[in-house]
>>> print(open('coords-v9.cif').read())   # mmCIF, C-alpha atoms
data_work
loop_
_atom_site.group_PDB
_atom_site.id
_atom_site.type_symbol
_atom_site.label_atom_id
_atom_site.label_comp_id
_atom_site.auth_asym_id
_atom_site.auth_seq_id
_atom_site.Cartn_x
_atom_site.Cartn_y
_atom_site.Cartn_z
ATOM 1 C CA MET A 1 0.000 0.000 0.000
ATOM 2 C CA SER A 2 2.782 2.399 0.853
ATOM 3 C CA ASN A 3 4.391 1.554 -2.475
ATOM 4 C CA ALA A 4 1.202 2.545 -4.258
ATOM 5 C CA ALA A 5 1.115 5.752 -2.276
ATOM 6 C CA PHE A 6 4.659 6.611 -3.263
ATOM 7 C CA ALA A 7 3.911 5.806 -6.878
ATOM 8 C CA THR A 8 1.182 8.439 -6.890
ATOM 9 C CA THR A 9 3.355 11.068 -5.227
ATOM 10 C CA ALA A 10 3.577 12.699 -8.583
ATOM 11 C CA PRO A 11 5.254 15.846 -9.865
ATOM 12 C CA ALA A 12 3.091 18.927 -10.389
ATOM 13 C CA THR A 13 2.664 18.210 -14.093
ATOM 14 C CA SER A 14 1.308 14.706 -13.635
ATOM 15 C CA ARG A 15 -1.808 13.886 -15.582
ATOM 16 C CA ALA A 16 -4.757 12.671 -13.600
ATOM 17 C CA GLU A 17 -6.439 9.300 -13.824
ATOM 18 C CA PRO A 18 -9.470 9.731 -16.071
ATOM 19 C CA ILE A 19 -12.799 9.571 -14.248
ATOM 20 C CA PRO A 20 -14.930 6.772 -15.775
ATOM 21 C CA VAL A 21 -17.523 8.166 -18.167
ATOM 22 C CA GLY A 22 -20.252 6.179 -16.434
ATOM 23 C CA THR A 23 -19.499 8.055 -13.210
ATOM 24 C CA ILE A 24 -19.661 11.441 -14.877
ATOM 25 C CA LEU A 25 -22.739 10.917 -17.030
ATOM 26 C CA PRO A 26 -25.540 11.182 -14.432
ATOM 27 C CA TRP A 27 -23.962 14.329 -13.008
ATOM 28 C CA ALA A 28 -23.397 15.753 -16.455
ATOM 29 C CA VAL A 29 -26.969 15.202 -17.626
ATOM 30 C CA PHE A 30 -28.692 16.555 -14.541
ATOM 31 C CA ALA A 31 -26.338 19.439 -13.807
ATOM 32 C CA SER A 32 -26.202 20.514 -17.459
ATOM 33 C CA LEU A 33 -29.969 20.813 -17.510
ATOM 34 C CA MET A 34 -29.989 22.894 -14.334
ATOM 35 C CA LEU A 35 -27.119 25.107 -15.472
ATOM 36 C CA LEU A 36 -28.585 25.642 -18.934
ATOM 37 C CA LEU A 37 -31.858 26.610 -17.280
ATOM 38 C CA ALA A 38 -29.933 29.201 -15.272
ATOM 39 C CA VAL A 39 -28.365 30.544 -18.465
ATOM 40 C CA TYR A 40 -31.823 30.630 -20.026
ATOM 41 C CA PHE A 41 -33.183 32.789 -17.220
ATOM 42 C CA VAL A 42 -30.310 35.220 -17.463
ATOM 43 C CA GLY A 43 -30.155 35.184 -21.230
ATOM 44 C CA ALA A 44 -33.578 34.686 -22.731
ATOM 45 C CA GLU A 45 -36.572 34.508 -20.340
ATOM 46 C CA GLU A 46 -39.212 37.102 -21.175
ATOM 47 C CA GLY A 47 -37.394 38.138 -24.307
ATOM 48 C CA ALA A 48 -38.523 36.078 -27.250
ATOM 49 C CA THR A 49 -39.903 33.344 -24.996
ATOM 50 C CA SER A 50 -41.441 33.419 -21.555
ATOM 51 C CA LEU A 51 -42.033 30.675 -19.026
ATOM 52 C CA ILE A 52 -43.353 32.609 -16.073
ATOM 53 C CA GLY A 53 -44.960 35.636 -17.670
ATOM 54 C CA GLY A 54 -44.588 39.319 -16.924
ATOM 55 C CA SER A 55 -41.323 41.076 -17.519
ATOM 56 C CA TYR A 56 -39.715 41.329 -14.106
ATOM 57 C CA VAL A 57 -36.930 38.804 -14.768
ATOM 58 C CA HIS A 58 -36.174 40.462 -18.088
ATOM 59 C CA GLU A 59 -36.003 43.910 -16.548
ATOM 60 C CA PHE A 60 -34.018 42.748 -13.532
ATOM 61 C CA VAL A 61 -31.182 41.082 -15.475
ATOM 62 C CA HIS A 62 -31.543 43.599 -18.325
ATOM 63 C CA ASP A 63 -28.039 45.073 -18.175
ATOM 64 C CA GLY A 64 -26.331 41.733 -17.700
ATOM 65 C CA ARG A 65 -28.184 40.363 -20.684
ATOM 66 C CA HIS A 66 -27.037 43.234 -22.892
ATOM 67 C CA LEU A 67 -23.454 43.116 -21.682
ATOM 68 C CA LEU A 68 -23.206 39.332 -22.012
ATOM 69 C CA GLY A 69 -24.257 39.673 -25.631
ATOM 70 C CA PHE A 70 -27.677 38.015 -25.544
ATOM 71 C CA PRO A 71 -30.389 39.500 -27.735
ATOM 72 C CA CYS A 72 -32.503 41.442 -25.229
ATOM 73 C CA HIS A 73 -35.185 43.458 -26.987
ATOM 74 C CA MET B 74 -15.542 13.263 -7.228
ATOM 75 C CA VAL B 75 -17.680 14.756 -9.991
ATOM 76 C CA GLY B 76 -19.955 16.488 -7.502
ATOM 77 C CA ASN B 77 -16.912 17.955 -5.829
ATOM 78 C CA LEU B 78 -15.557 19.272 -9.138
ATOM 79 C CA LEU B 79 -18.972 20.679 -10.005
ATOM 80 C CA LEU B 80 -19.163 22.556 -6.722
ATOM 81 C CA ARG B 81 -15.670 23.942 -7.134
ATOM 82 C CA GLY B 82 -16.423 24.993 -10.689
ATOM 83 C CA MET B 83 -19.571 26.815 -9.646
ATOM 84 C CA MET B 84 -17.833 28.568 -6.770
ATOM 85 C CA ILE B 85 -15.021 29.716 -9.059
ATOM 86 C CA GLY B 86 -17.741 30.819 -11.478
ATOM 87 C CA VAL B 87 -19.361 32.986 -8.817
ATOM 88 C CA LEU B 88 -16.008 34.627 -8.028
ATOM 89 C CA ALA B 89 -15.374 35.134 -11.739
ATOM 90 C CA GLY B 90 -18.851 36.653 -12.009
ATOM 91 C CA LEU B 91 -17.878 39.108 -9.301
ATOM 92 C CA LEU B 92 -14.775 40.164 -11.251
ATOM 93 C CA ALA B 93 -16.846 40.402 -14.429
ATOM 94 C CA PHE B 94 -19.305 42.605 -12.527
ATOM 95 C CA CYS B 95 -16.528 45.028 -11.550
ATOM 96 C CA PHE B 96 -15.458 45.183 -15.189
ATOM 97 C CA ALA B 97 -19.013 45.535 -16.497
ATOM 98 C CA LYS B 98 -19.881 48.213 -13.955
ATOM 99 C CA THR B 99 -16.801 50.267 -14.819
ATOM 100 C CA PHE B 100 -16.485 49.830 -18.573
ATOM 101 C CA GLY B 101 -19.891 48.624 -19.747
ATOM 102 C CA GLU B 102 -22.485 50.602 -17.827
ATOM 103 C CA PRO B 103 -21.499 54.022 -19.228
ATOM 104 C CA TRP B 104 -22.425 52.768 -22.709
ATOM 105 C CA VAL B 105 -25.671 51.192 -21.527
ATOM 106 C CA ASP B 106 -26.568 54.550 -19.989
ATOM 107 C CA TYR B 107 -25.580 56.271 -23.201
ATOM 108 C CA ALA B 108 -27.837 53.965 -25.215
ATOM 109 C CA ILE B 109 -30.777 54.437 -22.854
ATOM 110 C CA ALA B 110 -30.386 58.207 -23.027
ATOM 111 C CA PHE B 111 -30.391 57.868 -26.829
ATOM 112 C CA GLU B 112 -33.469 55.653 -26.696
ATOM 113 C CA GLU B 113 -35.379 58.090 -24.507
ATOM 114 C CA HIS B 114 -34.397 61.192 -26.438
ATOM 115 C CA PRO B 115 -37.636 62.661 -27.844
ATOM 116 C CA SER B 116 -36.458 62.576 -31.459
ATOM 117 C CA HIS B 117 -35.821 58.800 -31.272
ATOM 118 C CA ALA B 118 -38.532 57.801 -28.830
ATOM 119 C CA ALA B 119 -41.173 58.875 -31.332
ATOM 120 C CA ALA B 120 -40.077 56.141 -33.705
ATOM 121 C CA GLY B 121 -40.126 53.390 -31.094
ATOM 122 C CA ALA B 122 -42.901 51.992 -28.936
ATOM 123 C CA ALA B 123 -44.764 54.043 -26.360
ATOM 124 C CA GLU B 124 -42.965 54.898 -23.133
ATOM 125 C CA GLU B 125 -42.733 51.729 -21.053
ATOM 126 C CA PRO B 126 -43.508 51.811 -17.332
ATOM 127 C CA GLU B 127 -40.376 51.333 -15.262
ATOM 128 C CA ILE B 128 -40.716 47.963 -13.538
ATOM 129 C CA VAL B 129 -37.173 47.847 -12.216
ATOM 130 C CA SER B 130 -35.292 51.073 -11.536
ATOM 131 C CA ARG B 131 -32.168 51.852 -13.541
ATOM 132 C CA GLN B 132 -30.201 51.811 -10.321
ATOM 133 C CA THR B 133 -31.276 48.227 -9.607
ATOM 134 C CA GLN B 134 -30.704 47.136 -13.191
ATOM 135 C CA ALA B 135 -27.190 48.544 -13.210
ATOM 136 C CA GLY B 136 -26.413 47.305 -9.708
ATOM 137 C CA PHE B 137 -28.048 44.317 -8.070
ATOM 138 C CA GLY B 138 -29.644 43.091 -11.298
ATOM 139 C CA LEU B 139 -26.378 43.175 -13.210
ATOM 140 C CA LEU B 140 -24.583 41.508 -10.314
ATOM 141 C CA THR B 141 -27.195 38.742 -10.079
ATOM 142 C CA GLY B 142 -27.121 38.127 -13.823
ATOM 143 C CA LEU B 143 -23.341 37.831 -13.902
ATOM 144 C CA LEU B 144 -23.107 35.665 -10.765
ATOM 145 C CA VAL B 145 -25.726 33.232 -12.051
ATOM 146 C CA TYR B 146 -24.179 33.143 -15.520
ATOM 147 C CA GLY B 147 -20.708 32.738 -13.988
ATOM 148 C CA ALA B 148 -21.858 29.880 -11.756
ATOM 149 C CA ALA B 149 -23.466 28.167 -14.754
ATOM 150 C CA ILE B 150 -20.396 28.515 -16.964
ATOM 151 C CA GLY B 151 -18.158 27.424 -14.086
ATOM 152 C CA GLY B 152 -20.306 24.340 -13.522
ATOM 153 C CA LEU B 153 -20.402 23.443 -17.215
ATOM 154 C CA LEU B 154 -16.637 23.884 -17.446
ATOM 155 C CA ALA B 155 -16.209 21.580 -14.456
ATOM 156 C CA LEU B 156 -18.305 18.908 -16.191
ATOM 157 C CA ALA B 157 -16.326 19.224 -19.412
ATOM 158 C CA PHE B 158 -13.175 19.061 -17.316
ATOM 159 C CA ALA B 159 -14.378 15.845 -15.659
ATOM 160 C CA PHE B 160 -14.621 14.244 -19.106
ATOM 161 C CA ALA B 161 -11.336 15.650 -20.407
ATOM 162 C CA ASP B 162 -8.989 15.421 -17.432
ATOM 163 C CA GLY B 163 -6.484 12.625 -17.981
ATOM 164 C CA ARG B 164 -7.776 12.094 -21.503
ATOM 165 C CA LEU B 165 -5.993 14.894 -23.354
ATOM 166 C CA GLY B 166 -2.582 13.420 -24.052
ATOM 167 C CA ARG B 167 -0.082 14.257 -21.345
ATOM 168 C CA LEU B 168 -1.676 17.569 -20.408
ATOM 169 C CA SER B 169 -1.756 18.314 -16.681
ATOM 170 C CA SER B 170 -5.070 19.074 -14.983
ATOM 171 C CA ARG B 171 -4.293 22.761 -14.948
ATOM 172 C CA SER B 172 -3.566 22.812 -18.678
ATOM 173 C CA VAL B 173 -6.711 20.797 -19.370
ATOM 174 C CA ALA B 174 -8.797 23.400 -17.513
ATOM 175 C CA ALA B 175 -7.160 26.227 -19.481
ATOM 176 C CA VAL B 176 -7.625 24.446 -22.821
ATOM 177 C CA ILE B 177 -11.298 23.733 -22.125
ATOM 178 C CA ALA B 178 -11.958 27.317 -21.070
ATOM 179 C CA ALA B 179 -10.205 28.590 -24.201
ATOM 180 C CA LEU B 180 -12.186 26.289 -26.489
ATOM 181 C CA GLY B 181 -15.412 27.141 -24.674
ATOM 182 C CA TYR B 182 -14.673 30.839 -24.996
ATOM 183 C CA VAL B 183 -14.085 30.496 -28.734
ATOM 184 C CA ALA B 184 -17.198 28.360 -29.287
ATOM 185 C CA ILE B 185 -19.609 30.138 -26.933
ATOM 186 C CA VAL B 186 -18.447 33.751 -26.989
ATOM 187 C CA LEU B 187 -16.003 34.711 -29.708
ATOM 188 C CA VAL B 188 -17.408 33.008 -32.805
ATOM 189 C CA PRO B 189 -21.143 33.585 -32.170
ATOM 190 C CA GLN B 190 -20.432 37.195 -31.144
ATOM 191 C CA LEU B 191 -18.526 37.845 -34.373
ATOM 192 C CA LYS B 192 -21.659 36.991 -36.327
ATOM 193 C CA TYR B 193 -24.280 38.395 -33.963
ATOM 194 C CA PRO B 194 -22.511 40.933 -31.759
ATOM 195 C CA ALA B 195 -23.867 42.328 -28.513
ATOM 196 C CA ASN B 196 -26.218 45.253 -28.875
ATOM 197 C CA PRO B 197 -26.898 48.014 -26.381
ATOM 198 C CA PRO B 198 -30.459 49.155 -25.707
ATOM 199 C CA ALA B 199 -31.871 51.177 -28.636
ATOM 200 C CA VAL B 200 -30.108 48.984 -31.202
ATOM 201 C CA GLY B 201 -32.335 46.300 -32.682
ATOM 202 C CA SER B 202 -36.002 46.451 -33.573
ATOM 203 C CA ALA B 203 -38.554 45.013 -31.129
ATOM 204 C CA ASP B 204 -40.340 43.432 -34.105
ATOM 205 C CA THR B 205 -37.420 41.137 -34.855
ATOM 206 C CA ILE B 206 -36.515 39.992 -31.338
ATOM 207 C CA VAL B 207 -37.888 36.482 -31.955
ATOM 208 C CA ALA B 208 -35.954 36.002 -35.187
ATOM 209 C CA ARG B 209 -32.791 37.518 -33.698
ATOM 210 C CA THR B 210 -33.001 35.324 -30.617
ATOM 211 C CA GLU B 211 -33.532 32.208 -32.753
ATOM 212 C CA LEU B 212 -30.601 33.005 -35.005
ATOM 213 C CA PHE B 213 -28.393 33.736 -32.015
ATOM 214 C CA PHE B 214 -29.170 30.448 -30.291
ATOM 215 C CA VAL B 215 -28.954 28.449 -33.527
ATOM 216 C CA MET B 216 -25.494 29.903 -34.042
ATOM 217 C CA LEU B 217 -24.547 29.242 -30.428
ATOM 218 C CA ALA B 218 -25.793 25.645 -30.377
ATOM 219 C CA PHE B 219 -24.211 24.824 -33.721
ATOM 220 C CA SER B 220 -20.878 26.323 -32.699
ATOM 221 C CA VAL B 221 -20.805 24.411 -29.399
ATOM 222 C CA ALA B 222 -21.829 21.109 -31.001
ATOM 223 C CA LEU B 223 -19.236 21.523 -33.729
ATOM 224 C CA MET B 224 -16.538 22.424 -31.199
ATOM 225 C CA ILE B 225 -17.285 19.273 -29.183
ATOM 226 C CA ALA B 226 -17.188 17.149 -32.336
ATOM 227 C CA ALA B 227 -13.972 18.824 -33.496
ATOM 228 C CA ALA B 228 -12.359 18.333 -30.081
ATOM 229 C CA MET B 229 -13.191 14.618 -30.087
ATOM 230 C CA PHE B 230 -11.984 14.301 -33.679
ATOM 231 C CA GLY B 231 -8.792 16.175 -32.794
ATOM 232 C CA ARG B 232 -8.179 13.863 -29.865
ATOM 233 C CA ARG B 233 -8.446 10.826 -32.158
ATOM 234 C CA LEU B 234 -6.044 12.368 -34.657
ATOM 235 C CA SER B 235 -3.632 13.343 -31.897
ATOM 236 C CA GLU B 236 -3.236 9.741 -30.840
ATOM 237 C CA ARG B 237 -1.991 8.830 -34.317
ATOM 238 C CA PHE B 238 -0.331 11.972 -35.606
ATOM 239 C CA GLY B 239 0.693 13.875 -32.482
ATOM 240 C CA GLY B 240 -0.953 16.612 -30.429
ATOM 241 C CA TRP B 241 -0.097 19.628 -32.584
ATOM 242 C CA ASN B 242 -1.089 17.943 -35.844
ATOM 243 C CA GLY B 243 -4.349 16.663 -34.427
ATOM 244 C CA ALA B 244 -5.268 20.007 -32.882
ATOM 245 C CA THR B 245 -4.348 21.935 -36.036
ATOM 246 C CA VAL B 246 -6.492 19.780 -38.317
ATOM 247 C CA ALA B 247 -9.434 19.845 -35.875
ATOM 248 C CA ALA B 248 -9.202 23.636 -35.528
ATOM 249 C CA GLY B 249 -9.132 23.946 -39.318
ATOM 250 C CA VAL B 250 -12.253 21.813 -39.641
ATOM 251 C CA TYR B 251 -14.093 23.856 -36.998
ATOM 252 C CA LEU B 252 -13.134 27.170 -38.601
ATOM 253 C CA ALA B 253 -13.944 26.013 -42.137
ATOM 254 C CA ILE B 254 -17.434 24.819 -41.205
ATOM 255 C CA MET B 255 -18.114 27.916 -39.104
ATOM 256 C CA THR B 256 -17.082 30.076 -42.073
ATOM 257 C CA VAL B 257 -19.728 28.366 -44.198
ATOM 258 C CA MET B 258 -22.222 28.855 -41.364
ATOM 259 C CA PHE B 259 -21.370 32.575 -41.213
ATOM 260 C CA ALA B 260 -22.041 32.905 -44.915
ATOM 261 C CA ALA B 261 -25.262 30.884 -44.761
ATOM 262 C CA LEU B 262 -26.996 32.659 -41.875
ATOM 263 C CA PRO B 263 -28.569 36.070 -42.533
ATOM 264 C CA ASN B 264 -27.003 39.294 -41.309
ATOM 265 C CA ILE B 265 -28.842 41.554 -38.900
ATOM 266 C CA GLU B 266 -28.520 45.269 -39.549
ATOM 267 C CA GLU B 267 -30.776 47.265 -37.303
ATOM 268 C CA ILE B 268 -28.552 50.032 -36.038
ATOM 269 C CA PRO B 269 -30.395 53.362 -35.914
ATOM 270 C CA ALA B 270 -28.761 55.744 -38.396
ATOM 271 C CA SER B 271 -28.044 58.389 -35.777
ATOM 272 C CA PHE B 272 -26.587 56.016 -33.189
ATOM 273 C CA SER B 273 -22.914 56.798 -32.599
ATOM 274 C CA PRO B 274 -20.731 54.095 -34.222
ATOM 275 C CA GLY B 275 -18.067 54.855 -31.632
ATOM 276 C CA ALA B 276 -20.470 54.221 -28.760
ATOM 277 C CA LEU B 277 -21.611 50.974 -30.381
ATOM 278 C CA TRP B 278 -18.016 49.826 -30.829
ATOM 279 C CA ASN B 279 -17.166 50.713 -27.239
ATOM 280 C CA PHE B 280 -20.212 48.869 -25.946
ATOM 281 C CA ARG B 281 -19.268 45.766 -27.908
ATOM 282 C CA VAL B 282 -15.657 45.892 -26.767
ATOM 283 C CA ALA B 283 -16.885 46.211 -23.176
ATOM 284 C CA SER B 284 -19.218 43.256 -23.717
ATOM 285 C CA ILE B 285 -16.434 41.057 -25.079
ATOM 286 C CA GLY B 286 -14.312 42.313 -22.179
ATOM 287 C CA VAL B 287 -16.897 41.176 -19.623
ATOM 288 C CA GLN B 288 -16.968 37.710 -21.190
ATOM 289 C CA THR B 289 -13.181 37.572 -21.431
ATOM 290 C CA VAL B 290 -12.731 38.473 -17.775
ATOM 291 C CA LEU B 291 -15.306 35.842 -16.831
ATOM 292 C CA TRP B 292 -13.923 33.007 -18.948
ATOM 293 C CA ALA B 293 -10.271 33.722 -18.226
ATOM 294 C CA SER B 294 -10.964 33.846 -14.488
ATOM 295 C CA ILE B 295 -12.901 30.594 -14.596
ATOM 296 C CA GLY B 296 -10.351 28.766 -16.741
ATOM 297 C CA LEU B 297 -7.332 29.848 -14.749
ATOM 298 C CA GLY B 298 -9.073 29.820 -11.370
ATOM 299 C CA PHE B 299 -10.610 26.405 -11.813
ATOM 300 C CA GLY B 300 -7.282 25.045 -13.094
ATOM 301 C CA ALA B 301 -5.558 26.232 -9.937
ATOM 302 C CA VAL B 302 -8.271 24.715 -7.750
ATOM 303 C CA ALA B 303 -8.336 21.435 -9.679
ATOM 304 C CA GLU B 304 -4.615 21.063 -9.229
ATOM 305 C CA PHE B 305 -5.108 21.240 -5.487
ATOM 306 C CA SER B 306 -8.006 18.835 -5.636
ATOM 307 C CA ALA B 307 -7.788 15.800 -3.419
ATOM 308 C CA ARG B 308 -6.503 13.287 -5.891
ATOM 309 C CA HIS B 309 -3.526 15.480 -6.651
ATOM 310 C CA ARG B 310 -2.662 15.972 -3.031
ATOM 311 C CA SER B 311 -1.340 12.441 -3.084
ATOM 312 C CA VAL B 312 0.867 12.853 -0.040
ATOM 313 C CA PRO B 313 1.911 9.410 1.246
ATOM 314 C CA GLY B 314 -0.381 8.405 4.069
ATOM 315 C CA LYS B 315 -3.154 10.755 3.034
ATOM 316 C CA VAL B 316 -3.842 8.864 -0.160
ATOM 317 C CA VAL B 317 -5.756 6.064 1.511
ATOM 318 C CA GLY B 318 -8.052 8.419 3.409
ATOM 319 C CA ALA B 319 -8.638 10.600 0.384
ATOM 320 C CA ALA B 320 -9.415 7.613 -1.795
ATOM 321 C CA ALA B 321 -11.724 6.068 0.789
ATOM 322 C CA SER B 322 -13.736 9.251 1.250
ATOM 323 C CA ARG B 323 -14.613 9.272 -2.417
#
>>> encode(input="coords-v9.cif", output="structure tokens")
Amino acid sequence: MSNAAFATTAPATSRAEPIPVGTILPWAVFASLMLLLAVYFVGAEEGATSLIGGSYVHEFVHDGRHLLGFPCH
Amino acid sequence: MVGNLLLRGMMIGVLAGLLAFCFAKTFGEPWVDYAIAFEEHPSHAAAGAAEEPEIVSRQTQAGFGLLTGLLVYGAAIGGLLALAFAFADGRLGRLSSRSVAAVIAALGYVAIVLVPQLKYPANPPAVGSADTIVARTELFFVMLAFSVALMIAAAMFGRRLSERFGGWNGATVAAGVYLAIMTVMFAALPNIEEIPASFSPGALWNFRVASIGVQTVLWASIGLGFGAVAEFSARHRSVPGKVVGAAASR
């Protein structure tokens, strides 16, 4: 065991062991959906499309939307 | 492990959003204000829609609203970068974790910001007709989605090539393929020209430079910040004796 530990005492430029794709996938699918939803609310809600109606979200993130380069109005 | 990376990525993203906010507040807001003053000037307002009621004050929009938008966007980009990093780390030739993070952020910046913005650049208020917002939004997201999908495909193709022909050769060919197809895409998609004739070209240019600046600050901070954090991540702190505990806790 200590041999294994020494073997992984690697220099700063060592490359990491790849994480198995099967381990990443559930995280990637769920988190991507959540994160893309967040981007949607900052970037597009109540512009061309609207999920919750009104225009408060649009007006609130208005400046960020313009400065991040999303079409705003 | 992946959850841990995700959390770190999102936290770095929030910090990067804070930096981007400082930049946006200083260099972007003056041009937003300029555009709103232009929009509300009587001689231009007549052409546009009727005066809209103010739902959120300008002060909130330029302060807490801007901050919220950038923090949320930063957290999202940081999280997505962390996921891409989870796939790529240890799979890009001999690149270290820190280099992998930087490469992914650079490719993401090109695919998500630089290339789509060159075709459909950021517009301040007063630029762009309200009648075309649906079409403009569709075109923007079509461009964005296509660019990202093509970048992912090109990166995977480049990785294949690299295994046979070496890293530089693989990356060069893949970059060429991405750029060639995006060039065709640029030519195929319609242009949008809705800049009011009397809007100052200088102000528009400055706004767009500020906008690209905000994105650059955000992406550079995330790429470099996350790389630094990933390098310190548990599986790299493989100090003898700590390895067992670190491995067991995961």
>>> closest_residue(input="coords-v9.cif", among="B:Leu165, B:Ile268, B:Ile109, B:Ile206", to="chain A", atoms="only C-alpha atoms")
B:Ile206
>>> interface_residues(input="coords-v9.cif", of="chain A", to="chain B", cutoff="8 Å", atoms="all atoms listed in the file", output="PyMOL selection string")
chain A and resi 2+5-6+8-10+12-19+21+23-24+27-28+31-32+35-36+38-39+42+44+47-49+55-56+59-73
>>> atom_distance(input="coords-v9.cif", atom1="CA of Ala174 in chain B", atom2="CA of Gly86 in chain B")
13.1 Å
>>> residues_near_point(input="coords-v9.cif", point="(-12.3, 34.8, -22.9)", cutoff="10 Å", atoms="all atoms listed in the file", output="number ranges by chain")
B: 178-183, 185-187, 285-296
>>> write_last_selection(input="coords-v9.cif", atoms="C-alpha atoms", output="CSV table (one decimal), in the frame of the given file")
chain,number,residue,atom,x,y,z
B,178,ALA,CA,-12.0,27.3,-21.1
B,179,ALA,CA,-10.2,28.6,-24.2
B,180,LEU,CA,-12.2,26.3,-26.5
B,181,GLY,CA,-15.4,27.1,-24.7
B,182,TYR,CA,-14.7,30.8,-25.0
B,183,VAL,CA,-14.1,30.5,-28.7
B,185,ILE,CA,-19.6,30.1,-26.9
B,186,VAL,CA,-18.4,33.8,-27.0
B,187,LEU,CA,-16.0,34.7,-29.7
B,285,ILE,CA,-16.4,41.1,-25.1
B,286,GLY,CA,-14.3,42.3,-22.2
B,287,VAL,CA,-16.9,41.2,-19.6
B,288,GLN,CA,-17.0,37.7,-21.2
B,289,THR,CA,-13.2,37.6,-21.4
B,290,VAL,CA,-12.7,38.5,-17.8
B,291,LEU,CA,-15.3,35.8,-16.8
B,292,TRP,CA,-13.9,33.0,-18.9
B,293,ALA,CA,-10.3,33.7,-18.2
B,294,SER,CA,-11.0,33.8,-14.5
B,295,ILE,CA,-12.9,30.6,-14.6
B,296,GLY,CA,-10.4,28.8,-16.7
>>> atom_distance(input="coords-v9.cif", atom1="CA of His114 in chain B", atom2="CA of Ser50 in chain A")
29.1 Å
>>> atom_distance(input="coords-v9.cif", atom1="CA of Val221 in chain B", atom2="CA of Leu80 in chain B")
22.8 Å
